[in-house]
>>> print(open('final.csv').read())   # CSV, C-alpha atoms
chain,number,residue,atom,x,y,z
A,1,MET,CA,-22.7,7.0,5.6
A,2,LYS,CA,-21.2,7.0,9.1
A,3,LEU,CA,-17.6,8.2,8.7
A,4,ILE,CA,-15.0,8.2,11.5
A,5,PHE,CA,-11.8,10.3,11.1
A,6,PRO,CA,-9.1,9.4,13.7
A,7,VAL,CA,-6.7,12.4,13.8
A,8,LEU,CA,-3.9,13.6,16.0
A,9,THR,CA,-4.6,17.3,15.9
A,10,LEU,CA,-6.6,20.0,14.1
A,11,THR,CA,-4.1,22.8,14.5
A,12,ARG,CA,-3.4,25.1,11.6
A,13,GLY,CA,-1.7,23.4,8.7
A,14,GLY,CA,-2.3,22.0,5.2
A,15,ALA,CA,-3.2,18.4,6.2
A,16,GLN,CA,-5.5,19.6,8.9
A,17,ARG,CA,-7.1,22.1,6.6
A,18,MET,CA,-8.0,19.4,4.1
A,19,LEU,CA,-9.3,17.2,6.9
A,20,THR,CA,-11.5,20.0,8.1
A,21,GLU,CA,-12.8,20.9,4.7
A,22,LEU,CA,-13.7,17.3,3.9
A,23,ALA,CA,-15.2,16.5,7.2
A,24,ASN,CA,-17.3,19.7,7.3
A,25,ARG,CA,-18.5,19.4,3.7
A,26,LEU,CA,-19.4,15.7,4.1
A,27,THR,CA,-21.4,16.7,7.1
A,28,GLU,CA,-23.3,19.3,5.1
A,29,MET,CA,-24.0,16.7,2.4
A,30,GLY,CA,-25.8,14.6,5.0
A,31,HIS,CA,-23.2,12.1,6.2
A,32,GLU,CA,-22.7,11.4,9.9
A,33,VAL,CA,-19.1,12.4,10.5
A,34,THR,CA,-17.2,11.9,13.7
A,35,ILE,CA,-13.7,13.2,14.4
A,36,LEU,CA,-11.8,11.1,17.0
A,37,LEU,CA,-8.9,12.9,18.7
A,38,PRO,CA,-6.4,11.9,21.5
A,39,SER,CA,-7.5,13.0,24.9
A,40,ASP,CA,-5.3,16.1,24.6
A,41,GLY,CA,-6.1,16.8,21.0
A,42,VAL,CA,-6.2,20.5,19.9
A,43,VAL,CA,-8.8,21.9,17.6
A,44,GLU,CA,-8.2,25.3,15.9
A,45,TYR,CA,-10.7,25.1,13.1
A,46,GLU,CA,-14.5,25.5,13.3
A,47,MET,CA,-15.9,22.1,13.0
A,48,LYS,CA,-19.5,21.3,11.9
A,49,CYS,CA,-19.2,17.6,12.7
A,50,LYS,CA,-19.1,15.6,16.0
A,51,LEU,CA,-15.9,15.6,18.0
A,52,ILE,CA,-15.0,12.9,20.4
A,53,TYR,CA,-11.9,12.3,22.5
A,54,ALA,CA,-10.0,9.2,23.5
A,55,LYS,CA,-10.6,8.2,27.1
A,56,GLU,CA,-6.9,8.1,28.0
A,57,GLY,CA,-4.0,9.6,26.0
A,58,GLU,CA,-3.5,8.1,22.6
A,59,LEU,CA,-6.2,6.5,20.4
A,60,ALA,CA,-7.4,3.0,21.3
A,61,VAL,CA,-9.7,0.6,19.5
A,62,SER,CA,-12.2,1.0,22.3
A,63,ASP,CA,-12.5,4.7,21.5
A,64,PHE,CA,-13.8,4.1,18.0
A,65,PRO,CA,-17.6,4.2,17.5
A,66,ALA,CA,-19.1,1.9,15.0
A,67,GLY,CA,-19.5,3.2,11.5
A,68,ASP,CA,-19.3,2.5,7.8
A,69,VAL,CA,-15.8,3.8,7.0
A,70,ILE,CA,-12.8,4.6,9.2
A,71,ILE,CA,-10.5,7.1,7.4
A,72,SER,CA,-7.0,7.1,8.8
A,73,ASN,CA,-4.3,9.6,7.6
A,74,PHE,CA,-1.0,10.1,9.4
A,75,TYR,CA,1.0,6.8,9.9
A,76,THR,CA,0.4,6.7,13.7
A,77,THR,CA,-3.4,6.4,13.1
A,78,VAL,CA,-3.1,3.5,10.7
A,79,GLU,CA,-2.5,0.5,12.9
A,80,VAL,CA,-5.2,1.3,15.5
A,81,SER,CA,-7.6,2.1,12.6
A,82,GLN,CA,-6.9,-1.3,11.1
A,83,ARG,CA,-7.5,-3.1,14.4
A,84,ALA,CA,-10.8,-1.2,14.8
A,85,SER,CA,-11.8,-2.2,11.3
A,86,GLU,CA,-11.0,-5.9,12.1
A,87,GLU,CA,-13.3,-5.6,15.1
A,88,GLY,CA,-16.1,-4.6,12.8
A,89,LYS,CA,-16.2,-0.9,13.3
A,90,GLY,CA,-16.0,0.1,9.7
A,91,ILE,CA,-14.0,-0.4,6.4
A,92,HIS,CA,-10.5,1.1,6.7
A,93,VAL,CA,-9.5,3.6,4.1
A,94,ARG,CA,-6.2,5.6,4.4
A,95,LEU,CA,-6.1,9.1,3.1
A,96,ALA,CA,-2.4,9.9,3.1
A,97,PHE,CA,-1.6,13.6,3.2
A,98,CYS,CA,2.2,13.0,2.9
A,99,TYR,CA,4.6,10.2,2.4
A,100,GLU,CA,6.3,10.1,5.8
A,101,PRO,CA,9.2,7.6,5.5
A,102,THR,CA,11.5,9.9,3.5
A,103,PHE,CA,11.3,13.0,5.6
A,104,LEU,CA,10.1,12.2,9.2
A,105,PRO,CA,11.6,10.3,12.1
A,106,ASP,CA,10.5,6.7,12.9
A,107,ASN,CA,10.6,5.8,9.2
A,108,SER,CA,10.7,2.0,9.7
A,109,ARG,CA,7.2,2.2,11.3
A,110,SER,CA,5.8,4.7,8.8
A,111,PHE,CA,7.2,2.7,5.9
A,112,SER,CA,5.5,-0.5,7.1
A,113,SER,CA,2.2,1.3,7.7
A,114,TYR,CA,1.7,1.4,3.9
A,115,ASN,CA,1.5,-2.4,3.9
A,116,ILE,CA,-1.5,-2.4,6.2
A,117,ALA,CA,-4.3,-0.6,4.4
A,118,PRO,CA,-5.1,-1.8,0.9
A,119,ASN,CA,-7.7,1.1,0.4
A,120,LEU,CA,-5.4,4.1,-0.2
A,121,LEU,CA,-6.1,7.6,-1.3
A,122,VAL,CA,-3.4,10.2,-2.1
A,123,LEU,CA,-3.2,13.9,-3.1
A,124,SER,CA,-1.1,13.9,-6.3
A,125,HIS,CA,0.4,11.9,-9.1
A,126,TRP,CA,3.9,12.4,-7.6
A,127,GLN,CA,2.8,10.9,-4.3
A,128,GLN,CA,0.9,8.1,-6.1
A,129,GLY,CA,4.0,7.2,-8.0
A,130,ILE,CA,6.2,7.0,-4.9
A,131,VAL,CA,3.8,4.8,-3.0
A,132,GLN,CA,3.3,2.5,-6.0
A,133,MET,CA,7.0,2.2,-6.6
A,134,ASN,CA,7.8,1.4,-3.0
A,135,HIS,CA,4.7,-0.7,-2.0
A,136,GLY,CA,3.0,-1.8,-5.1
A,137,ILE,CA,-0.2,0.0,-4.2
A,138,LYS,CA,-1.7,2.5,-6.6
A,139,GLY,CA,-3.6,5.0,-4.5
A,140,ARG,CA,-6.4,7.0,-6.0
A,141,ILE,CA,-6.1,10.8,-6.2
A,142,VAL,CA,-8.2,13.2,-4.2
A,143,PRO,CA,-7.0,16.6,-5.3
A,144,ILE,CA,-6.4,19.6,-3.0
A,145,GLY,CA,-8.7,22.6,-3.1
A,146,VAL,CA,-9.0,26.2,-2.3
A,147,GLY,CA,-11.8,27.6,-0.1
A,148,PRO,CA,-14.0,30.5,-1.1
A,149,VAL,CA,-12.5,32.7,1.6
A,150,PHE,CA,-9.4,33.0,-0.5
A,151,ASN,CA,-9.8,35.5,-3.3
A,152,ASN,CA,-8.0,38.4,-4.9
A,153,MET,CA,-9.0,41.4,-2.8
A,154,LYS,CA,-7.3,43.7,-5.4
A,155,ILE,CA,-5.5,45.7,-2.7
A,156,ARG,CA,-2.1,45.9,-4.3
A,157,ASP,CA,-0.9,49.4,-4.7
A,158,ARG,CA,1.7,49.8,-7.5
A,159,ASN,CA,2.8,53.1,-6.1
A,160,LYS,CA,3.9,51.4,-2.8
A,161,ARG,CA,6.9,49.2,-2.2
A,162,LEU,CA,6.7,45.8,-3.7
A,163,VAL,CA,5.7,43.0,-1.1
A,164,ILE,CA,7.3,39.6,-1.0
A,165,SER,CA,5.8,37.0,1.4
A,166,ALA,CA,6.5,33.5,2.5
A,167,ILE,CA,5.2,31.1,5.2
A,168,MET,CA,7.4,30.3,8.1
A,169,ARG,CA,6.5,27.4,10.4
A,170,LYS,CA,7.9,26.4,13.8
A,171,PRO,CA,11.2,24.5,13.1
A,172,GLU,CA,11.3,23.0,16.6
A,173,GLY,CA,10.0,19.4,16.8
A,174,GLY,CA,11.5,18.1,13.5
A,175,PHE,CA,8.4,18.5,11.3
A,176,SER,CA,9.6,21.3,9.1
A,177,ALA,CA,13.0,20.2,7.6
A,178,HIS,CA,11.3,19.6,4.2
A,179,ARG,CA,10.3,23.3,4.1
A,180,GLU,CA,14.0,24.3,3.7
A,181,GLN,CA,13.4,27.4,5.8
A,182,ASP,CA,17.1,28.1,6.3
A,183,TYR,CA,17.5,28.1,2.5
A,184,LEU,CA,14.4,30.3,2.3
A,185,LEU,CA,15.8,33.0,4.6
A,186,GLN,CA,19.2,32.8,2.9
A,187,GLN,CA,17.6,33.5,-0.5
A,188,LEU,CA,15.3,36.2,0.9
A,189,ASN,CA,18.3,37.9,2.4
A,190,LYS,CA,20.0,37.8,-1.0
A,191,VAL,CA,17.0,39.5,-2.5
A,192,LYS,CA,16.9,42.1,0.2
A,193,ALA,CA,20.6,42.8,-0.4
A,194,HIS,CA,20.0,43.4,-4.1
A,195,HIS,CA,16.7,45.2,-3.6
A,196,PRO,CA,16.5,46.9,-0.2
A,197,GLU,CA,13.4,48.7,-1.3
A,198,VAL,CA,11.2,45.6,-1.2
A,199,GLU,CA,9.2,44.6,1.9
A,200,ILE,CA,9.5,41.0,3.0
A,201,TYR,CA,6.6,39.5,5.1
A,202,LEU,CA,7.0,36.2,7.0
A,203,ILE,CA,3.6,34.7,7.8
A,204,SER,CA,3.3,32.3,10.7
A,205,PRO,CA,0.4,30.8,12.7
A,206,PRO,CA,0.1,32.9,15.9
A,207,GLY,CA,0.4,29.8,18.2
A,208,GLU,CA,3.6,28.7,16.6
A,209,GLN,CA,5.0,32.2,16.6
A,210,ALA,CA,4.4,32.5,20.3
A,211,GLU,CA,6.0,29.2,21.3
A,212,SER,CA,9.0,29.1,18.9
A,213,ALA,CA,12.2,30.8,19.9
A,214,THR,CA,13.4,30.6,16.3
A,215,LEU,CA,10.4,32.5,15.0
A,216,GLN,CA,10.5,35.0,17.8
A,217,ALA,CA,14.1,35.8,17.0
A,218,LEU,CA,13.0,36.9,13.5
A,219,VAL,CA,10.9,39.7,15.0
A,220,ASN,CA,14.0,41.7,15.7
A,221,ASP,CA,15.5,41.3,12.2
A,222,GLU,CA,14.9,44.5,10.4
A,223,ARG,CA,14.8,42.8,7.0
A,224,TYR,CA,11.5,41.2,7.8
A,225,GLN,CA,8.0,42.1,8.9
A,226,ILE,CA,6.1,39.4,10.8
A,227,ARG,CA,2.5,38.6,10.1
A,228,THR,CA,0.4,36.2,12.3
A,229,PRO,CA,-3.0,35.8,10.8
A,230,ALA,CA,-5.6,34.6,13.3
A,231,ASN,CA,-7.9,33.2,10.6
A,232,ASP,CA,-8.3,32.6,6.9
A,233,THR,CA,-9.7,36.1,6.3
A,234,GLU,CA,-6.6,37.6,7.6
A,235,LEU,CA,-4.4,35.1,5.7
A,236,CYS,CA,-6.3,36.0,2.5
A,237,PHE,CA,-5.5,39.7,3.2
A,238,HIS,CA,-1.8,38.9,3.5
A,239,TYR,CA,-1.8,36.8,0.3
A,240,SER,CA,-3.6,39.6,-1.5
A,241,GLU,CA,-1.2,42.4,-0.4
A,242,SER,CA,1.7,40.3,-1.7
A,243,ASP,CA,3.1,40.9,-5.2
A,244,ILE,CA,5.2,37.7,-5.0
A,245,PHE,CA,4.7,34.7,-2.8
A,246,VAL,CA,7.6,32.4,-2.2
A,247,SER,CA,7.6,28.7,-1.4
A,248,SER,CA,10.9,26.8,-0.6
A,249,SER,CA,9.5,23.4,0.4
A,250,THR,CA,11.1,20.5,-1.4
A,251,TYR,CA,8.7,17.8,-0.3
A,252,ASP,CA,4.9,18.4,-0.3
A,253,THR,CA,2.2,16.2,-1.7
A,254,GLY,CA,-0.2,19.1,-2.1
A,255,SER,CA,1.5,22.4,-1.1
A,256,LEU,CA,-1.6,24.5,-0.3
A,257,PRO,CA,0.0,27.9,0.4
A,258,GLY,CA,1.2,28.2,-3.2
A,259,ILE,CA,-2.2,27.7,-4.8
A,260,GLU,CA,-4.0,29.8,-2.1
A,261,ALA,CA,-1.6,32.7,-2.9
A,262,MET,CA,-2.2,32.2,-6.6
A,263,ARG,CA,-6.0,32.4,-6.0
A,264,CYS,CA,-5.3,35.7,-4.2
A,265,GLY,CA,-3.4,37.2,-7.2
A,266,ALA,CA,0.2,36.8,-6.1
A,267,ALA,CA,2.9,35.7,-8.5
A,268,LEU,CA,4.4,32.4,-7.3
A,269,VAL,CA,8.1,31.7,-7.1
A,270,THR,CA,8.6,28.1,-5.9
A,271,VAL,CA,10.9,25.2,-5.5
A,272,TYR,CA,9.7,21.9,-7.0
A,273,ALA,CA,8.1,20.0,-4.2
A,274,GLY,CA,6.5,17.1,-6.0
A,275,GLY,CA,2.8,17.7,-5.4
A,276,ASN,CA,2.9,21.3,-6.6
A,277,LYS,CA,3.3,20.1,-10.1
A,278,GLU,CA,-0.5,19.5,-10.0
A,279,TYR,CA,-1.0,23.2,-10.5
A,280,CYS,CA,2.5,24.7,-11.3
A,281,THR,CA,3.9,25.1,-14.8
A,282,HIS,CA,7.2,27.0,-14.9
A,283,GLY,CA,7.1,30.1,-17.1
A,284,HIS,CA,3.3,29.8,-17.6
A,285,ASN,CA,1.8,30.5,-14.1
A,286,CYS,CA,4.9,30.6,-11.9
A,287,LEU,CA,8.7,30.4,-11.8
A,288,MET,CA,9.8,27.0,-10.5
A,289,SER,CA,13.3,25.6,-9.8
A,290,TYR,CA,14.7,22.4,-8.5
A,291,ARG,CA,16.5,22.8,-5.2
A,292,PHE,CA,19.9,21.8,-6.6
A,293,GLN,CA,19.7,24.7,-9.0
A,294,ASN,CA,19.9,27.2,-6.1
A,295,ARG,CA,17.9,29.7,-8.1
A,296,LEU,CA,15.1,30.8,-5.8
A,297,ALA,CA,16.5,34.3,-5.2
A,298,ASP,CA,17.3,34.8,-8.9
A,299,ASP,CA,13.7,34.0,-9.8
A,300,ILE,CA,12.4,36.4,-7.3
A,301,ILE,CA,14.7,39.1,-8.6
A,302,THR,CA,13.6,38.4,-12.1
A,303,LEU,CA,10.0,39.1,-11.1
A,304,ILE,CA,11.0,42.2,-9.2
A,305,ARG,CA,12.7,43.6,-12.3
A,306,ASP,CA,10.0,42.4,-14.8
A,307,PRO,CA,6.6,43.7,-13.7
A,308,SER,CA,4.9,42.6,-16.9
A,309,LEU,CA,6.1,39.0,-16.4
A,310,ARG,CA,5.1,39.1,-12.8
A,311,GLN,CA,1.6,40.3,-13.6
A,312,ARG,CA,1.2,37.8,-16.4
A,313,LEU,CA,2.2,34.9,-14.2
A,314,ALA,CA,-0.1,36.2,-11.4
A,315,ARG,CA,-3.1,36.3,-13.8
A,316,LYS,CA,-2.4,32.8,-15.1
A,317,GLY,CA,-1.9,31.5,-11.6
A,318,GLU,CA,-5.2,32.9,-10.4
A,319,GLU,CA,-6.9,31.4,-13.5
A,320,VAL,CA,-5.5,27.9,-13.0
A,321,SER,CA,-6.4,28.0,-9.3
A,322,GLN,CA,-10.1,28.2,-10.2
A,323,ASP,CA,-10.0,24.5,-11.1
A,324,PHE,CA,-9.2,23.5,-7.5
A,325,THR,CA,-12.1,23.7,-5.1
A,326,TRP,CA,-13.0,21.8,-2.0
A,327,GLU,CA,-16.4,21.1,-3.4
A,328,LYS,CA,-14.7,19.2,-6.2
A,329,SER,CA,-12.3,17.4,-3.8
A,330,THR,CA,-15.2,16.4,-1.5
A,331,ARG,CA,-17.3,15.1,-4.4
A,332,ILE,CA,-14.4,12.9,-5.7
A,333,PHE,CA,-13.7,11.7,-2.1
A,334,GLN,CA,-17.3,10.8,-1.5
A,335,ASN,CA,-17.6,8.9,-4.7
A,336,MET,CA,-14.4,6.9,-3.9
A,337,LEU,CA,-15.8,6.0,-0.5
A,338,PHE,CA,-19.1,4.9,-2.0
A,339,GLU,CA,-17.2,2.7,-4.5
A,340,ILE,CA,-15.1,1.1,-1.7
A,341,VAL,CA,-18.1,0.4,0.4
A,342,SER,CA,-20.0,-1.1,-2.5
A,343,ARG,CA,-17.0,-3.5,-3.0
A,344,ASN,CA,-17.0,-4.5,0.6
A,345,PRO,CA,-20.6,-5.2,1.6
A,346,SER,CA,-21.1,-6.0,5.3
>>> encode(input="final.csv", output="structure tokens")
Amino acid sequence: MKLIFPVLTLTRGGAQRMLTELANRLTEMGHEVTILLPSDGVVEYEMKCKLIYAKEGELAVSDFPAGDVIISNFYTTVEVSQRASEEGKGIHVRLAFCYEPTFLPDNSRSFSSYNIAPNLLVLSHWQQGIVQMNHGIKGRIVPIGVGPVFNNMKIRDRNKRLVISAIMRKPEGGFSAHREQDYLLQQLNKVKAHHPEVEIYLISPPGEQAESATLQALVNDERYQIRTPANDTELCFHYSESDIFVSSSTYDTGSLPGIEAMRCGAALVTVYAGGNKEYCTHGHNCLMSYRFQNRLADDIITLIRDPSLRQRLARKGEEVSQDFTWEKSTRIFQNMLFEIVSRNPS
């Protein structure tokens, strides 16, 4: 099949990682995949498929090549993809990596975008339920995955100080409020006050660290150590040196860092974010709390003080994560596209 993915950016992030994995693996499977970016689009992943750019600024219908399927994602790519589809450039399928109306600006436009594309794919049962409740469309689920680069490197040293890590993204720009990063720092500070012997690593993409005044200010805070992995191999190392990985996000359809950290052998302490229920079970493979319970620090402290529980949750988390692979995700995604195309013959 000829597949066109109109995207805004391929900078480091969960949605972009999934786009990259699907596009590259579909290319390896023999499909003709094209990524269409704005004229100033940024690509930070290694891509195996064709990249083309809009002639001027934002994406326009004239920028789309002809194909079998146009796969939109973020709400700003939906309208132009539908117009391109109506001009015969491919069947329009939306793969929604988040449900934008409830946590991003311009919610009137993002809400109405779900009334445009009848072919909808989502990442989790939680996201599926929200969209179906609000729009009457039952999207089909393409699960998240974990790449083979992420594995337990077995480098934790029980004789060294215990390491707690968390992802910190650039707050400037309005796209990280759902990550509850102020709450995260508040809770980590509480942990550090009770257990000054632990080391706390904050992991940020290097580009965001360089351009964010908020993230740069954390460099001078003696309570934290800053880590800026340049690639997935370095990120795997930081996951693997962590005894406990912490996620404070309250709104994620997939929540990749948690399951990647699990794969690397870290015990997960997390806030319920919706999509992370696909792989998280409180007390079985993680400690999970709802945000209103204000329990994140207490759960971290529980694992600091109970090494046997920490190690048991880490083992179970690593085991559960094995069921989530990008090969599986791509196969499911491909089969759904085949089915949609067969129902919409040209």
>>> residues_around(input="final.csv", residues="A:Leu59", least_positions_apart="5", cutoff="10 Å", atoms="all atoms listed in the file", output="list of chain:residue names")
A:Pro6, A:Val7, A:Leu8, A:Leu36, A:Leu37, A:Pro38, A:Ser39, A:Tyr53, A:Ala54, A:Phe64, A:Thr76, A:Thr77, A:Val80, A:Ser81
>>> write_last_selection(input="final.csv", atoms="C-alpha atoms", output="PDB file, keeping the file's coordinate frame")
ATOM      1  CA  PRO A   6      -9.100   9.400  13.700  1.00  0.00           C
ATOM      2  CA  VAL A   7      -6.700  12.400  13.800  1.00  0.00           C
ATOM      3  CA  LEU A   8      -3.900  13.600  16.000  1.00  0.00           C
ATOM      4  CA  LEU A  36     -11.800  11.100  17.000  1.00  0.00           C
ATOM      5  CA  LEU A  37      -8.900  12.900  18.700  1.00  0.00           C
ATOM      6  CA  PRO A  38      -6.400  11.900  21.500  1.00  0.00           C
ATOM      7  CA  SER A  39      -7.500  13.000  24.900  1.00  0.00           C
ATOM      8  CA  TYR A  53     -11.900  12.300  22.500  1.00  0.00           C
ATOM      9  CA  ALA A  54     -10.000   9.200  23.500  1.00  0.00           C
ATOM     10  CA  PHE A  64     -13.800   4.100  18.000  1.00  0.00           C
ATOM     11  CA  THR A  76       0.400   6.700  13.700  1.00  0.00           C
ATOM     12  CA  THR A  77      -3.400   6.400  13.100  1.00  0.00           C
ATOM     13  CA  VAL A  80      -5.200   1.300  15.500  1.00  0.00           C
ATOM     14  CA  SER A  81      -7.600   2.100  12.600  1.00  0.00           C
TER      15      SER A  81
END
>>> atom_distance(input="final.csv", atom1="atom CA of A:Val246", atom2="atom CA of A:Met288")
10.1 Å
>>> atom_distance(input="final.csv", atom1="atom CA of A:Asp298", atom2="atom CA of A:Leu202")
19.0 Å
>>> residues_around(input="final.csv", residues="stretch 140-144 of chain A", least_positions_apart="3", cutoff="7 Å", atoms="all atoms listed in the file", output="PDB file with C-alpha atoms, in the frame of the given file")
ATOM      1  CA  LEU A 120      -5.400   4.100  -0.200  1.00  0.00           C
ATOM      2  CA  LEU A 121      -6.100   7.600  -1.300  1.00  0.00           C
ATOM      3  CA  VAL A 122      -3.400  10.200  -2.100  1.00  0.00           C
ATOM      4  CA  LEU A 123      -3.200  13.900  -3.100  1.00  0.00           C
ATOM      5  CA  SER A 124      -1.100  13.900  -6.300  1.00  0.00           C
ATOM      6  CA  GLY A 254      -0.200  19.100  -2.100  1.00  0.00           C
ATOM      7  CA  PHE A 324      -9.200  23.500  -7.500  1.00  0.00           C
ATOM      8  CA  SER A 329     -12.300  17.400  -3.800  1.00  0.00           C
ATOM      9  CA  ILE A 332     -14.400  12.900  -5.700  1.00  0.00           C
ATOM     10  CA  PHE A 333     -13.700  11.700  -2.100  1.00  0.00           C
TER      11      PHE A 333
END
>>> closest_residue(input="final.csv", among="A:Glu56, A:Glu234, A:Asp243, A:Glu28", to="A:Gln311", atoms="all atoms listed in the file")
A:Asp243
>>> residues_around(input="final.csv", residues="A:His284", least_positions_apart="2", cutoff="10 Å", atoms="all atoms listed in the file", output="list of chain:residue names")
A:Cys280, A:Thr281, A:His282, A:Cys286, A:Leu287, A:Leu309, A:Arg312, A:Leu313, A:Ala314, A:Arg315, A:Lys316, A:Gly317
>>> write_last_selection(input="final.csv", atoms="C-alpha atoms", output="PDB file, keeping the file's coordinate frame")
ATOM      1  CA  CYS A 280       2.500  24.700 -11.300  1.00  0.00           C
ATOM      2  CA  THR A 281       3.900  25.100 -14.800  1.00  0.00           C
ATOM      3  CA  HIS A 282       7.200  27.000 -14.900  1.00  0.00           C
ATOM      4  CA  CYS A 286       4.900  30.600 -11.900  1.00  0.00           C
ATOM      5  CA  LEU A 287       8.700  30.400 -11.800  1.00  0.00           C
ATOM      6  CA  LEU A 309       6.100  39.000 -16.400  1.00  0.00           C
ATOM      7  CA  ARG A 312       1.200  37.800 -16.400  1.00  0.00           C
ATOM      8  CA  LEU A 313       2.200  34.900 -14.200  1.00  0.00           C
ATOM      9  CA  ALA A 314      -0.100  36.200 -11.400  1.00  0.00           C
ATOM     10  CA  ARG A 315      -3.100  36.300 -13.800  1.00  0.00           C
ATOM     11  CA  LYS A 316      -2.400  32.800 -15.100  1.00  0.00           C
ATOM     12  CA  GLY A 317      -1.900  31.500 -11.600  1.00  0.00           C
TER      13      GLY A 317
END
>>> atom_distance(input="final.csv", atom1="atom CA of A:Ser248", atom2="atom CA of A:Asp157")
25.8 Å
>>> closest_residue(input="final.csv", among="A:Gly57, A:Pro206, A:Gly147, A:Gly88", to="A:Ile70", atoms="all atoms listed in the file")
A:Gly88
>>> residues_around(input="final.csv", residues="A:Leu235", least_positions_apart="3", cutoff="12 Å", atoms="only C-alpha atoms", output="number ranges by chain")
A: 12, 149-153, 165-167, 201-206, 227-232, 238-242, 257, 260-261, 264
>>> residues_around(input="final.csv", residues="stretch 115-119 of chain A", least_positions_apart="6", cutoff="9 Å", atoms="only C-alpha atoms", output="list of chain:residue names")
A:Val78, A:Glu79, A:Gln82, A:Ile91, A:His92, A:Val93, A:Arg94, A:Leu95, A:His135, A:Ile137, A:Gly139, A:Arg140, A:Ile340
>>> write_last_selection(input="final.csv", atoms="C-alpha atoms", output="PDB file, in the frame of the given file")
ATOM      1  CA  VAL A  78      -3.100   3.500  10.700  1.00  0.00           C
ATOM      2  CA  GLU A  79      -2.500   0.500  12.900  1.00  0.00           C
ATOM      3  CA  GLN A  82      -6.900  -1.300  11.100  1.00  0.00           C
ATOM      4  CA  ILE A  91     -14.000  -0.400   6.400  1.00  0.00           C
ATOM      5  CA  HIS A  92     -10.500   1.100   6.700  1.00  0.00           C
ATOM      6  CA  VAL A  93      -9.500   3.600   4.100  1.00  0.00           C
ATOM      7  CA  ARG A  94      -6.200   5.600   4.400  1.00  0.00           C
ATOM      8  CA  LEU A  95      -6.100   9.100   3.100  1.00  0.00           C
ATOM      9  CA  HIS A 135       4.700  -0.700  -2.000  1.00  0.00           C
ATOM     10  CA  ILE A 137      -0.200   0.000  -4.200  1.00  0.00           C
ATOM     11  CA  GLY A 139      -3.600   5.000  -4.500  1.00  0.00           C
ATOM     12  CA  ARG A 140      -6.400   7.000  -6.000  1.00  0.00           C
ATOM     13  CA  ILE A 340     -15.100   1.100  -1.700  1.00  0.00           C
TER      14      ILE A 340
END
>>> closest_residue(input="final.csv", among="A:Asn294, A:Thr325, A:Thr214, A:Ser249", to="A:Gln186", atoms="only C-alpha atoms")
A:Asn294
>>> closest_residue(input="final.csv", among="A:Pro65, A:Gly274, A:Pro148, A:Pro307", to="A:His178", atoms="only C-alpha atoms")
A:Gly274
